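Colleague: Data file target38.cif (mmCIF, C-alpha atoms) is appended below.
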```
data_coords
#
loop_
_atom_site.label_atom_id
_atom_site.label_comp_id
_atom_site.auth_asym_id
_atom_site.auth_seq_id
_atom_site.Cartn_x
_atom_site.Cartn_y
_atom_site.Cartn_z
CA MET V 26 22.74 19.70 54.23
CA ARG V 27 19.22 21.11 54.35
CA ALA V 28 19.26 21.63 50.60
CA LEU V 29 20.35 18.04 50.01
CA ILE V 30 17.58 16.67 52.18
CA ALA V 31 15.02 18.77 50.32
CA LEU V 32 16.27 17.59 46.97
CA ALA V 33 16.27 13.97 48.06
CA ALA V 34 12.72 14.31 49.34
CA TRP V 35 11.62 15.93 46.08
CA ALA V 36 13.28 13.17 44.09
CA ALA V 37 11.59 10.49 46.19
CA LEU V 38 8.20 12.13 45.85
CA GLY V 39 8.65 12.47 42.12
CA ALA V 40 9.53 8.80 41.77
CA TRP V 41 6.51 7.73 43.76
CA ALA V 42 3.93 10.04 42.23
CA GLY V 43 4.96 9.48 38.64
CA PRO V 44 5.99 12.12 36.14
CA ALA V 45 5.67 15.62 37.43
CA LEU V 46 4.57 16.74 33.94
CA GLY V 47 1.38 14.65 33.90
CA CYS V 48 0.56 12.23 31.08
CA THR V 49 3.23 10.28 29.22
CA VAL V 50 3.28 8.52 25.87
CA GLY V 51 4.75 5.06 25.80
CA VAL V 52 6.84 3.44 23.10
CA ALA V 53 4.85 2.29 20.08
CA THR V 54 5.12 -1.16 18.59
CA GLN V 55 6.41 -1.20 15.01
CA GLY V 56 3.60 -1.25 12.44
CA GLY V 57 3.77 -2.95 9.05
CA LEU V 58 2.61 -1.97 5.57
CA GLY V 59 1.36 -4.48 3.02
CA ILE V 60 0.17 -3.97 -0.54
CA ASN V 61 -3.36 -4.69 -1.73
CA GLY V 62 -4.41 -6.77 -4.71
CA SER V 63 -4.84 -3.74 -6.94
CA GLY V 64 -1.32 -2.50 -6.26
CA ASP V 65 -2.46 1.01 -5.41
CA THR V 66 -2.64 0.90 -1.61
CA LEU V 67 -0.03 0.14 1.03
CA SER V 68 -1.67 -0.30 4.38
CA SER V 69 -1.40 -1.82 7.80
CA GLU V 70 -4.87 -3.22 7.03
CA ASN V 71 -3.46 -5.56 4.38
CA VAL V 72 -2.48 -8.19 6.90
CA LEU V 73 -2.07 -10.94 4.31
CA SER V 74 0.82 -9.05 2.73
CA GLY V 75 2.53 -7.83 5.89
CA GLY V 76 0.21 -5.17 7.26
CA LEU V 77 0.32 -4.74 11.02
CA VAL V 78 -1.19 -2.22 13.42
CA SER V 79 0.89 -0.20 15.85
CA VAL V 80 -0.09 -0.03 19.50
CA LEU V 81 0.98 2.38 22.19
CA THR V 82 -0.25 3.38 25.62
CA VAL V 83 -0.68 6.85 27.08
CA THR V 84 -0.54 6.88 30.86
CA ASN V 85 -1.51 9.42 33.45
CA GLY V 86 -0.42 9.71 37.07
CA LEU V 87 -2.87 9.07 39.87
CA PHE V 88 -3.00 12.74 40.83
CA ASP V 89 -2.45 14.22 37.37
CA PRO V 90 -5.10 16.30 35.61
CA ALA V 91 -7.16 15.50 32.52
CA TYR V 92 -5.17 15.61 29.33
CA THR V 93 -5.33 15.83 25.57
CA VAL V 94 -3.73 13.38 23.17
CA PHE V 95 -2.54 14.75 19.83
CA VAL V 96 -1.89 12.65 16.74
CA SER V 97 0.01 14.49 14.04
CA ALA V 98 -0.78 14.37 10.34
CA PRO V 99 0.95 11.34 8.82
CA SER V 100 4.04 11.67 6.67
CA LEU V 101 5.70 9.30 4.22
CA VAL V 102 9.31 8.47 3.47
CA PRO V 103 9.27 6.66 0.09
CA PRO V 104 12.16 4.93 -1.68
CA PRO V 105 14.28 6.97 -4.13
CA GLY V 106 12.58 5.58 -7.25
CA TYR V 107 9.08 6.53 -6.23
CA HIS V 108 7.60 9.59 -7.97
CA GLY V 109 3.90 9.14 -7.28
CA THR V 110 1.39 11.47 -5.67
CA PRO V 111 0.31 9.55 -2.59
CA THR V 112 -2.38 10.26 -0.08
CA VAL V 113 -1.09 9.36 3.37
CA LEU V 114 -3.70 8.56 5.99
CA VAL V 115 -3.86 7.48 9.60
CA ALA V 116 -6.69 6.06 11.67
CA TYR V 117 -6.89 4.93 15.26
CA THR V 118 -9.02 3.76 18.08
CA ALA V 119 -8.38 4.85 21.65
CA ALA V 120 -9.76 3.01 24.65
CA GLY V 121 -9.52 3.70 28.35
CA VAL V 122 -11.60 4.82 31.31
CA GLY V 123 -13.84 7.57 29.94
CA VAL V 124 -12.22 7.32 26.51
CA ALA V 125 -13.76 5.59 23.48
CA LYS V 126 -12.51 7.37 20.41
CA THR V 127 -12.62 6.07 16.86
CA GLN V 128 -10.86 8.20 14.31
CA PRO V 129 -11.51 7.19 10.68
CA MET V 130 -8.74 7.50 8.11
CA THR V 131 -7.58 11.09 7.82
CA ALA V 132 -4.68 13.03 6.39
CA SER V 133 -4.99 15.71 9.07
CA ALA V 134 -3.78 16.12 12.63
CA THR V 135 -6.36 15.12 15.23
CA SER V 136 -6.74 15.08 18.99
CA PHE V 137 -9.01 13.82 21.73
CA ASP V 138 -9.49 14.53 25.40
CA ALA V 139 -9.06 12.09 28.23
CA PRO V 140 -10.29 12.55 31.79
CA ALA V 141 -7.93 12.47 34.73
CA ALA V 142 -9.25 9.03 35.58
CA ALA V 143 -7.95 7.62 32.31
CA LEU V 144 -4.74 6.30 33.82
CA ALA V 145 -4.02 4.24 30.70
CA VAL V 146 -5.36 4.80 27.20
CA VAL V 147 -4.47 2.25 24.56
CA LEU V 148 -4.13 3.58 21.01
CA THR V 149 -4.30 1.18 18.10
CA LEU V 150 -3.17 2.91 14.93
CA GLN V 151 -3.59 2.04 11.26
CA SER V 152 -1.75 3.59 8.34
CA ARG V 153 -2.80 3.73 4.69
CA ILE V 154 -0.98 5.10 1.63
CA VAL V 155 -2.99 5.40 -1.56
CA SER V 156 -1.01 5.86 -4.75
CA PRO V 157 -3.15 5.87 -7.91
CA ASP V 158 -0.03 5.43 -10.05
CA GLY V 159 1.18 2.39 -8.14
CA PHE V 160 4.39 1.90 -6.17
CA ALA V 161 8.03 1.59 -7.07
CA SER V 162 10.03 -1.17 -5.46
CA GLY V 163 11.81 -0.29 -2.23
CA ALA V 164 11.13 0.53 1.40
CA TYR V 165 8.27 2.75 2.51
CA GLN V 166 7.84 4.27 5.94
CA SER V 167 4.89 6.25 7.21
CA LYS V 168 5.06 8.09 10.48
CA VAL V 169 2.88 9.99 12.92
CA THR V 170 3.89 11.62 16.19
CA VAL V 171 1.71 11.12 19.24
CA THR V 172 1.96 13.66 22.02
CA CYS V 173 -0.04 14.42 25.12
CA ALA V 174 -0.45 17.48 27.30
CA PRO V 175 -2.25 18.15 30.58
CA GLN V 176 -5.34 20.32 30.27
CA MET T 23 27.56 18.82 49.42
CA ARG T 24 26.12 21.43 47.10
CA VAL T 25 27.59 19.59 44.13
CA LEU T 26 25.98 16.33 45.24
CA GLY T 27 22.58 18.06 45.49
CA VAL T 28 22.77 19.36 41.95
CA VAL T 29 23.69 15.92 40.58
CA THR T 30 20.73 14.31 42.30
CA GLY T 31 18.31 16.83 40.83
CA PHE T 32 19.67 16.31 37.32
CA THR T 33 19.21 12.58 37.59
CA VAL T 34 15.53 12.97 38.41
CA LEU T 35 14.89 15.39 35.55
CA ALA T 36 16.57 13.11 33.04
CA ALA T 37 14.38 10.23 34.15
CA CYS T 38 11.14 12.06 33.23
CA PRO T 39 9.34 10.08 30.48
CA ALA T 40 8.89 11.62 27.05
CA LEU T 41 5.61 13.34 26.19
CA ALA T 42 5.83 12.45 22.51
CA THR T 43 6.63 9.34 20.57
CA ASP T 44 6.90 8.51 16.90
CA VAL T 45 4.73 5.76 15.49
CA THR T 46 6.18 4.20 12.37
CA PHE T 47 4.88 1.73 9.82
CA GLN T 48 7.28 0.06 7.42
CA GLY T 49 6.87 -2.00 4.29
CA THR T 50 9.23 -3.09 1.56
CA LEU T 51 8.13 -3.87 -1.98
CA SER T 52 10.22 -6.02 -4.27
CA GLY T 53 10.08 -5.66 -8.03
CA VAL T 54 7.27 -7.80 -9.33
CA CYS T 55 4.83 -8.03 -12.21
CA THR T 56 1.64 -10.03 -12.14
CA LEU T 57 -0.74 -10.90 -14.97
CA ALA T 58 -4.29 -12.20 -14.94
CA VAL T 59 -6.95 -12.87 -17.54
CA PRO T 60 -10.32 -12.01 -16.04
CA THR T 61 -11.96 -12.00 -19.49
CA PRO T 62 -10.96 -14.58 -22.08
CA GLY T 63 -11.68 -13.64 -25.70
CA LEU T 64 -14.14 -15.15 -28.13
CA LEU T 65 -13.67 -15.64 -31.86
CA GLY T 66 -16.20 -14.95 -34.58
CA LEU T 67 -16.27 -14.51 -38.33
CA ASN T 68 -16.49 -10.90 -39.45
CA ALA T 69 -17.94 -9.48 -42.66
CA SER T 70 -14.54 -9.70 -44.36
CA GLY T 71 -14.30 -13.43 -43.73
CA GLU T 72 -11.69 -13.06 -41.00
CA LEU T 73 -11.74 -15.01 -37.76
CA THR T 74 -11.40 -12.34 -35.10
CA SER T 75 -12.03 -11.41 -31.49
CA GLU T 76 -12.82 -7.84 -32.40
CA PRO T 77 -16.39 -6.88 -31.59
CA PRO T 78 -18.98 -7.20 -32.88
CA ALA T 79 -17.88 -10.49 -34.46
CA GLY T 80 -16.04 -11.61 -31.32
CA LEU T 81 -15.06 -10.52 -27.84
CA SER T 82 -11.71 -8.98 -26.87
CA ALA T 83 -9.66 -10.58 -24.12
CA ILE T 84 -8.75 -8.48 -21.09
CA VAL T 85 -5.39 -8.97 -19.43
CA THR T 86 -4.69 -7.17 -16.16
CA VAL T 87 -1.17 -6.08 -15.35
CA LEU T 88 0.23 -5.06 -11.96
CA SER T 89 3.81 -3.85 -11.99
CA ILE T 90 6.07 -2.83 -9.12
CA GLY T 91 9.31 -1.41 -10.43
CA SER T 92 10.44 -1.53 -14.05
CA ASN T 93 9.31 -4.48 -16.14
CA GLN T 94 8.99 -5.52 -19.75
CA LEU T 95 5.71 -6.68 -21.17
CA THR T 96 6.07 -9.03 -24.14
CA ILE T 97 3.20 -10.11 -26.36
CA ASP T 98 3.68 -13.05 -28.71
CA PRO T 99 1.71 -13.49 -31.91
CA PRO T 100 -1.17 -15.99 -31.67
CA VAL T 101 -0.76 -19.72 -32.16
CA TRP T 102 -3.46 -22.34 -32.51
CA ALA T 103 -4.39 -23.56 -29.06
CA ALA T 104 -6.11 -26.68 -30.43
CA ALA T 105 -6.20 -28.60 -33.68
CA THR T 106 -8.08 -26.79 -36.41
CA PRO T 107 -11.18 -28.47 -37.86
CA VAL T 108 -10.82 -31.13 -40.50
CA GLY T 109 -10.90 -29.54 -43.92
CA TYR T 110 -9.23 -26.32 -42.84
CA ASP T 111 -6.46 -25.31 -45.26
CA ALA T 112 -3.80 -23.37 -43.39
CA THR T 113 -1.97 -22.35 -46.54
CA GLY T 114 -1.55 -18.58 -46.57
CA GLU T 115 -3.02 -18.05 -43.13
CA ASP T 116 -1.79 -15.16 -41.01
CA LEU T 117 -2.22 -15.11 -37.25
CA LEU T 118 -2.24 -11.59 -35.82
CA VAL T 119 -2.44 -9.89 -32.45
CA SER T 120 -3.19 -6.32 -31.40
CA TYR T 121 -3.47 -4.69 -28.00
CA LEU T 122 -4.43 -1.45 -26.35
CA GLY T 123 -3.71 -0.31 -22.81
CA VAL T 124 -5.41 2.33 -20.72
CA GLY T 125 -4.18 4.64 -17.97
CA GLY T 126 -0.55 3.92 -17.19
CA LEU T 127 -0.58 1.27 -19.92
CA SER T 128 -1.62 3.69 -22.66
CA ILE T 129 1.91 3.42 -24.03
CA ALA T 130 0.99 -0.14 -24.98
CA ASN T 131 -0.82 0.43 -28.27
CA GLN T 132 -0.10 -2.04 -31.04
CA ALA T 133 -1.94 -2.50 -34.34
CA PHE T 134 -2.37 -6.05 -35.66
CA THR T 135 0.99 -7.71 -36.13
CA ASP T 136 2.29 -11.24 -36.60
CA THR T 137 5.56 -10.60 -34.77
CA GLN T 138 6.50 -10.48 -31.10
CA THR T 139 6.37 -7.01 -29.57
CA SER T 140 7.51 -5.60 -26.22
CA VAL T 141 6.69 -2.60 -24.08
CA ASN T 142 8.75 -1.29 -21.16
CA ILE T 143 6.53 -0.41 -18.24
CA ASN T 144 7.12 1.19 -14.87
CA SER T 145 5.15 0.80 -11.67
CA LEU T 146 1.47 0.33 -12.35
CA PRO T 147 -1.52 -0.48 -10.23
CA LEU T 148 -3.85 -3.13 -11.61
CA THR T 149 -4.38 -1.96 -15.20
CA ALA T 150 -6.29 -3.47 -18.12
CA LEU T 151 -4.77 -4.40 -21.46
CA THR T 152 -7.27 -5.22 -24.20
CA VAL T 153 -5.95 -7.93 -26.50
CA ASN T 154 -7.39 -9.01 -29.85
CA ALA T 155 -6.43 -11.92 -32.04
CA LYS T 156 -7.26 -12.36 -35.72
CA VAL T 157 -6.68 -14.94 -38.42
CA THR T 158 -6.78 -14.10 -42.12
CA ASN T 159 -6.84 -16.90 -44.66
CA PRO T 160 -7.47 -16.58 -48.40
CA ASN T 161 -8.86 -20.12 -48.32
CA GLY T 162 -11.53 -19.24 -45.82
CA PHE T 163 -12.48 -21.32 -42.79
CA ALA T 164 -14.00 -24.77 -42.56
CA ALA T 165 -16.88 -25.29 -40.17
CA GLY T 166 -15.80 -26.27 -36.64
CA ASN T 167 -14.13 -25.00 -33.51
CA TYR T 168 -11.10 -22.74 -33.54
CA ALA T 169 -9.01 -21.70 -30.56
CA LEU T 170 -6.13 -19.25 -30.49
CA LYS T 171 -3.60 -18.55 -27.77
CA VAL T 172 -1.60 -15.37 -27.19
CA VAL T 173 1.24 -15.59 -24.71
CA VAL T 174 1.78 -12.43 -22.65
CA THR T 175 4.89 -12.26 -20.48
CA CYS T 176 5.92 -9.70 -17.91
CA ALA T 177 9.43 -9.81 -16.48
CA PRO T 178 12.03 -7.44 -15.00
#
```
Can the structure from this file be put into structure tokens for me?
Modeller:
Amino acid sequence: MRALIALAAWAALGAWAGPALGCTVGVATQGGLGINGSGDTLSSENVLSGGLVSVLTVTNGLFDPAYTVFVSAPSLVPPPGYHGTPTVLVAYTAAGVGVAKTQPMTASATSFDAPAAALAVVLTLQSRIVSPDGFASGAYQSKVTVTCAPQ
Amino acid sequence: MRVLGVVTGFTVLAACPALATDVTFQGTLSGVCTLAVPTPGLLGLNASGELTSEPPAGLSAIVTVLSIGSNQLTIDPPVWAAATPVGYDATGEDLLVSYLGVGGLSIANQAFTDTQTSVNINSLPLTALTVNAKVTNPNGFAAGNYALKVVVTCAP
């Protein structure tokens, strides 16, 4: 009985205080890729042809420590007929209490720190694929993974 | 009771939010080919008495091609785009076209011809095709304005 009460209390505390592991990464909205007029760049920046940013929120519990947000290097899943040599890039802005990060387009993994007071950091991500040889028809998907970890 | 305690703990652990999420961007391209003529050509009389767009007598036309997927580029021989000047004798005239591509269009390289030609192309970013038109006529050319038209078609 004592063990059950302890577990129930722990569960209740966990539910009230938020995730015991600190920061969490929310679900991202689906981004879009559109082609530019020169036919050599697919990007979320090309809004006239279907480009769309992706937005997600990283949250931190009231009593959780400062944390670091990691954005992986971008990857590309091209259609079967594509044999180009693309450069896959990602850029983002991050905004929250004590956080004002602007990451220009990069092909590398990046990260930034957020203070404990940054209870919510909004990331707005852009994706760009540059293919000097153009693009085959079909579906293209670029992807990055966003993670966070307490400091 | 012990069993109930274990189940409760498992439920809480499973409810912990994820620390990582994938961000995806998607786009689908359909097969398409677009053409534009940013630089129309100009005709002039060369030293051999031919009416041509080849420099220095004239100015070559530039056609830009953007291809997504496999397409066929077809270039027709020139036709008169307007009535020729009064006094022009068309007997024996020959209307010719040539073209030269660069980059991914370098396979498109055609010497002057008076027949329709085609080139199969794959995906290309915006790429220039230089097109020249020429008219030879043993009767020469009367004074006046001449205009030629070359039809370029791109289709799957």
Colleague: Selection in question (the file shown): the PyMOL selection byres ((chain V and resi 116) around 9). Which residues does it include, as a compact mmCIF listing (two decimals) with C-alpha atoms, keeping the file's coordinate frame?
Modeller:
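File produced: selection.txt:
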```
# COMPACT_ATOMS: atom_id res chain seq x y z
CA LEU V 114 -3.70 8.56 5.99
CA VAL V 115 -3.86 7.48 9.60
CA TYR V 117 -6.89 4.93 15.26
CA THR V 118 -9.02 3.76 18.08
CA THR V 127 -12.62 6.07 16.86
CA GLN V 128 -10.86 8.20 14.31
CA PRO V 129 -11.51 7.19 10.68
CA MET V 130 -8.74 7.50 8.11
CA THR V 131 -7.58 11.09 7.82
CA ALA V 132 -4.68 13.03 6.39
CA THR V 149 -4.30 1.18 18.10
CA LEU V 150 -3.17 2.91 14.93
CA GLN V 151 -3.59 2.04 11.26
CA SER V 152 -1.75 3.59 8.34
CA ARG V 153 -2.80 3.73 4.69
```
Colleague: Show which residues sit within 12 Å of T:Ala69, as a ChimeraX atom specification. Count all atoms listed in the file, and ignore same-chain residues fewer than 6 positions away.
Modeller: /T:76-80
Colleague: Output C-alpha atoms of each residue in that selection to a file, as a tab-separated table (two decimals), keeping the file's coordinate frame.
Modeller:
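Saved file again_17.tsv follows:
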```tsv
chain	number	residue	atom	x	y	z
T	76	GLU	CA	-12.82	-7.84	-32.40
T	77	PRO	CA	-16.39	-6.88	-31.59
T	78	PRO	CA	-18.98	-7.20	-32.88
T	79	ALA	CA	-17.88	-10.49	-34.46
T	80	GLY	CA	-16.04	-11.61	-31.32
```
Colleague: Name all residues at most 6 Å from stretch 161-173 of chain V (count all atoms listed in the file; drop same-chain ones fewer than 5 positions away) and give them as a list in words.
Modeller: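 In the requested format, the answer is Thr93, Val94, Phe95, Val96, Ser97, Pro99, Ser100, Leu101, Val102, Pro103, Pro104 and Tyr107 of chain V; Leu41, Ala42, Thr43, Asp44, Val45, Thr46, Phe47, Gln48, Gly49, Thr50, Leu51, Ser52, Gly53, Ile90, Gly91 and Ser145 of chain T.
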Colleague: Quick one, how far is atom CA of T:Ile129 from atom CA of T:Thr56?
Modeller: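 Between these atoms lies a distance of 18.0 Å.
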Colleague: Enclose the full set of atoms of stretch 69-78 of chain T listed in the file within a box whose edges lie along x, y and z, apply 8 Å of padding to each of the six sides, and report centre and edge lengths in Å to one decimal as lines of an AutoDock Vina configuration file.
Modeller:
```
center_x = -15.2
center_y = -10.9
center_z = -37.9
size_x = 23.6
size_y = 24.1
size_z = 28.9
```
Colleague: Between atom CA of T:Ser75 and atom CA of T:Gly63, what is the distance in Å, rounded to a tenth?
Modeller: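 Distance between the two atoms: 6.2 Å.
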Colleague: Run the PyMOL selection byres ((chain V and resi 140) around 10) against the file shown and list the residues it catches, as a PyMOL selection string.
Modeller: chain V and resi 85+89-93+121-124+138-139+141-144+175-176
Colleague: For chain T, which residue among V:Ala125, V:Val72, V:Val78, V:Ala120 is the nearest when counting only C-alpha atoms?
Modeller: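 Nearest to chain T: V:Val78.
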Colleague: Between atom CA of T:Thr96 and atom CA of T:Ala112, what is the distance in Å, rounded to a tenth?
Modeller: 26.0 Å
Colleague: Find the residue from V:Gly76, V:Gly106, V:Gly86, V:Gly56 that sits nearest to chain T; use all atoms listed in the file when measuring.
Modeller: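 Closest candidate: V:Gly56.
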Colleague: Find the residue from V:Thr54, V:Ala119, V:Gly64, V:Leu87 that sits nearest to chain T; use all atoms listed in the file when measuring.
Modeller: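 Ranking V:Thr54, V:Ala119, V:Gly64, V:Leu87 by distance to chain T, first place goes to V:Gly64.
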Colleague: Between V:Ser79, V:Ser136, V:Asn71, V:Thr110, single out the one closest to chain T, counting all atoms listed in the file.
Modeller: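 Comparing V:Ser79, V:Ser136, V:Asn71, V:Thr110 against chain T, the winner is V:Ser79.
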Colleague: Find the residues near T:Ser82: any atom within 12 Å, counting all atoms listed in the file, skip ones fewer than 4 places away on the same chain, and give them as a PyMOL selection string.
Modeller: chain T and resi 59-66+74-78+119-122+150-156+172
Colleague: Between T:Leu73, T:Val101, T:Ile84, T:Ala58, single out the one closest to chain V, counting all atoms listed in the file.
Modeller: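 Closest to chain V of all the choices is T:Ala58.
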Colleague: Give as an MDAnalysis selection string each residue that has an atom at most 12 Å from (-2.2, 6.3, -10.4) in the file, counting only C-alpha atoms.
Modeller: (chainID V and resid 63:66 108:112 155:161) or (chainID T and resid 88:89 124:127 144:149)
Colleague: Counting only C-alpha atoms, which residue out of V:Leu73, V:Ala98, V:Leu81, V:Leu148 sits closest to V:Gly59?
Modeller: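 Closest to V:Gly59, using only C-alpha atoms: V:Leu73.
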Colleague: Taking the file as shown, what set of residues would the PyMOL selection byres ((chain T and resi 99) around 8) give back, as a PyMOL selection string?
Modeller: chain T and resi 97-98+100-101+117-119+135-138+172-173
Colleague: Give me, as a list in words, all polymer residues having an atom no more than 10 Å from T:Ser140, counting all atoms listed in the file and skipping those fewer than 5 positions away in the same chain.
Modeller: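 Once the adjacent positions are removed, what remains is Gln94, Leu95, Thr96, Ile97, Asp98, Ala130, Gln132, Val174, Thr175 and Cys176 of chain T.
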Colleague: Reconstruct N, CA and C atoms of stretch 142-166 of chain V; output as a JSON list (two decimals), in the frame of the given file.
Modeller:
```json
[["chain", "number", "residue", "atom", "x", "y", "z"],
["V", 142, "ALA", "N", -9.13, 10.44, 35.16],
["V", 142, "ALA", "CA", -9.25, 9.03, 35.58],
["V", 142, "ALA", "C", -8.73, 8.04, 34.55],
["V", 143, "ALA", "N", -8.47, 8.52, 33.36],
["V", 143, "ALA", "CA", -7.95, 7.62, 32.31],
["V", 143, "ALA", "C", -6.46, 7.42, 32.55],
["V", 144, "LEU", "N", -6.14, 6.52, 33.46],
["V", 144, "LEU", "CA", -4.74, 6.30, 33.82],
["V", 144, "LEU", "C", -3.96, 5.62, 32.70],
["V", 145, "ALA", "N", -4.67, 4.89, 31.85],
["V", 145, "ALA", "CA", -4.02, 4.24, 30.70],
["V", 145, "ALA", "C", -5.00, 4.25, 29.53],
["V", 146, "VAL", "N", -4.56, 4.81, 28.43],
["V", 146, "VAL", "CA", -5.36, 4.80, 27.20],
["V", 146, "VAL", "C", -4.55, 4.07, 26.13],
["V", 147, "VAL", "N", -5.16, 3.04, 25.58],
["V", 147, "VAL", "CA", -4.47, 2.25, 24.56],
["V", 147, "VAL", "C", -4.88, 2.74, 23.18],
["V", 148, "LEU", "N", -3.89, 3.14, 22.39],
["V", 148, "LEU", "CA", -4.13, 3.58, 21.01],
["V", 148, "LEU", "C", -3.71, 2.47, 20.06],
["V", 149, "THR", "N", -4.61, 2.14, 19.15],
["V", 149, "THR", "CA", -4.30, 1.18, 18.10],
["V", 149, "THR", "C", -4.37, 1.95, 16.77],
["V", 150, "LEU", "N", -3.25, 2.05, 16.11],
["V", 150, "LEU", "CA", -3.17, 2.91, 14.93],
["V", 150, "LEU", "C", -3.05, 2.10, 13.64],
["V", 151, "GLN", "N", -3.69, 2.62, 12.59],
["V", 151, "GLN", "CA", -3.59, 2.04, 11.26],
["V", 151, "GLN", "C", -3.03, 3.10, 10.32],
["V", 152, "SER", "N", -2.31, 2.67, 9.33],
["V", 152, "SER", "CA", -1.75, 3.59, 8.34],
["V", 152, "SER", "C", -2.16, 3.12, 6.94],
["V", 153, "ARG", "N", -2.42, 4.08, 6.06],
["V", 153, "ARG", "CA", -2.80, 3.73, 4.69],
["V", 153, "ARG", "C", -2.17, 4.74, 3.73],
["V", 154, "ILE", "N", -1.57, 4.24, 2.68],
["V", 154, "ILE", "CA", -0.98, 5.10, 1.63],
["V", 154, "ILE", "C", -1.63, 4.71, 0.32],
["V", 155, "VAL", "N", -2.32, 5.66, -0.28],
["V", 155, "VAL", "CA", -2.99, 5.40, -1.56],
["V", 155, "VAL", "C", -2.20, 6.10, -2.66],
["V", 156, "SER", "N", -1.81, 5.32, -3.65],
["V", 156, "SER", "CA", -1.01, 5.86, -4.75],
["V", 156, "SER", "C", -1.65, 5.42, -6.06],
["V", 157, "PRO", "N", -2.43, 6.28, -6.70],
["V", 157, "PRO", "CA", -3.15, 5.87, -7.91],
["V", 157, "PRO", "C", -2.23, 5.40, -9.03],
["V", 158, "ASP", "N", -0.97, 5.84, -9.01],
["V", 158, "ASP", "CA", -0.03, 5.43, -10.05],
["V", 158, "ASP", "C", 0.78, 4.20, -9.67],
["V", 159, "GLY", "N", 0.46, 3.57, -8.57],
["V", 159, "GLY", "CA", 1.18, 2.39, -8.14],
["V", 159, "GLY", "C", 2.41, 2.75, -7.32],
["V", 160, "PHE", "N", 3.22, 1.72, -7.04],
["V", 160, "PHE", "CA", 4.39, 1.90, -6.17],
["V", 160, "PHE", "C", 5.65, 1.37, -6.84],
["V", 161, "ALA", "N", 6.73, 2.11, -6.65],
["V", 161, "ALA", "CA", 8.03, 1.59, -7.07],
["V", 161, "ALA", "C", 8.51, 0.58, -6.04],
["V", 162, "SER", "N", 9.47, -0.24, -6.44],
["V", 162, "SER", "CA", 10.03, -1.17, -5.46],
["V", 162, "SER", "C", 10.89, -0.40, -4.46],
["V", 163, "GLY", "N", 11.00, -0.93, -3.27],
["V", 163, "GLY", "CA", 11.81, -0.29, -2.23],
["V", 163, "GLY", "C", 11.07, -0.23, -0.91],
["V", 164, "ALA", "N", 11.67, 0.46, 0.04],
["V", 164, "ALA", "CA", 11.13, 0.53, 1.40],
["V", 164, "ALA", "C", 10.32, 1.80, 1.61],
["V", 165, "TYR", "N", 9.17, 1.64, 2.21],
["V", 165, "TYR", "CA", 8.27, 2.75, 2.51],
["V", 165, "TYR", "C", 8.09, 2.84, 4.02],
["V", 166, "GLN", "N", 8.09, 4.08, 4.51],
["V", 166, "GLN", "CA", 7.84, 4.27, 5.94],
["V", 166, "GLN", "C", 6.87, 5.44, 6.13]]
```
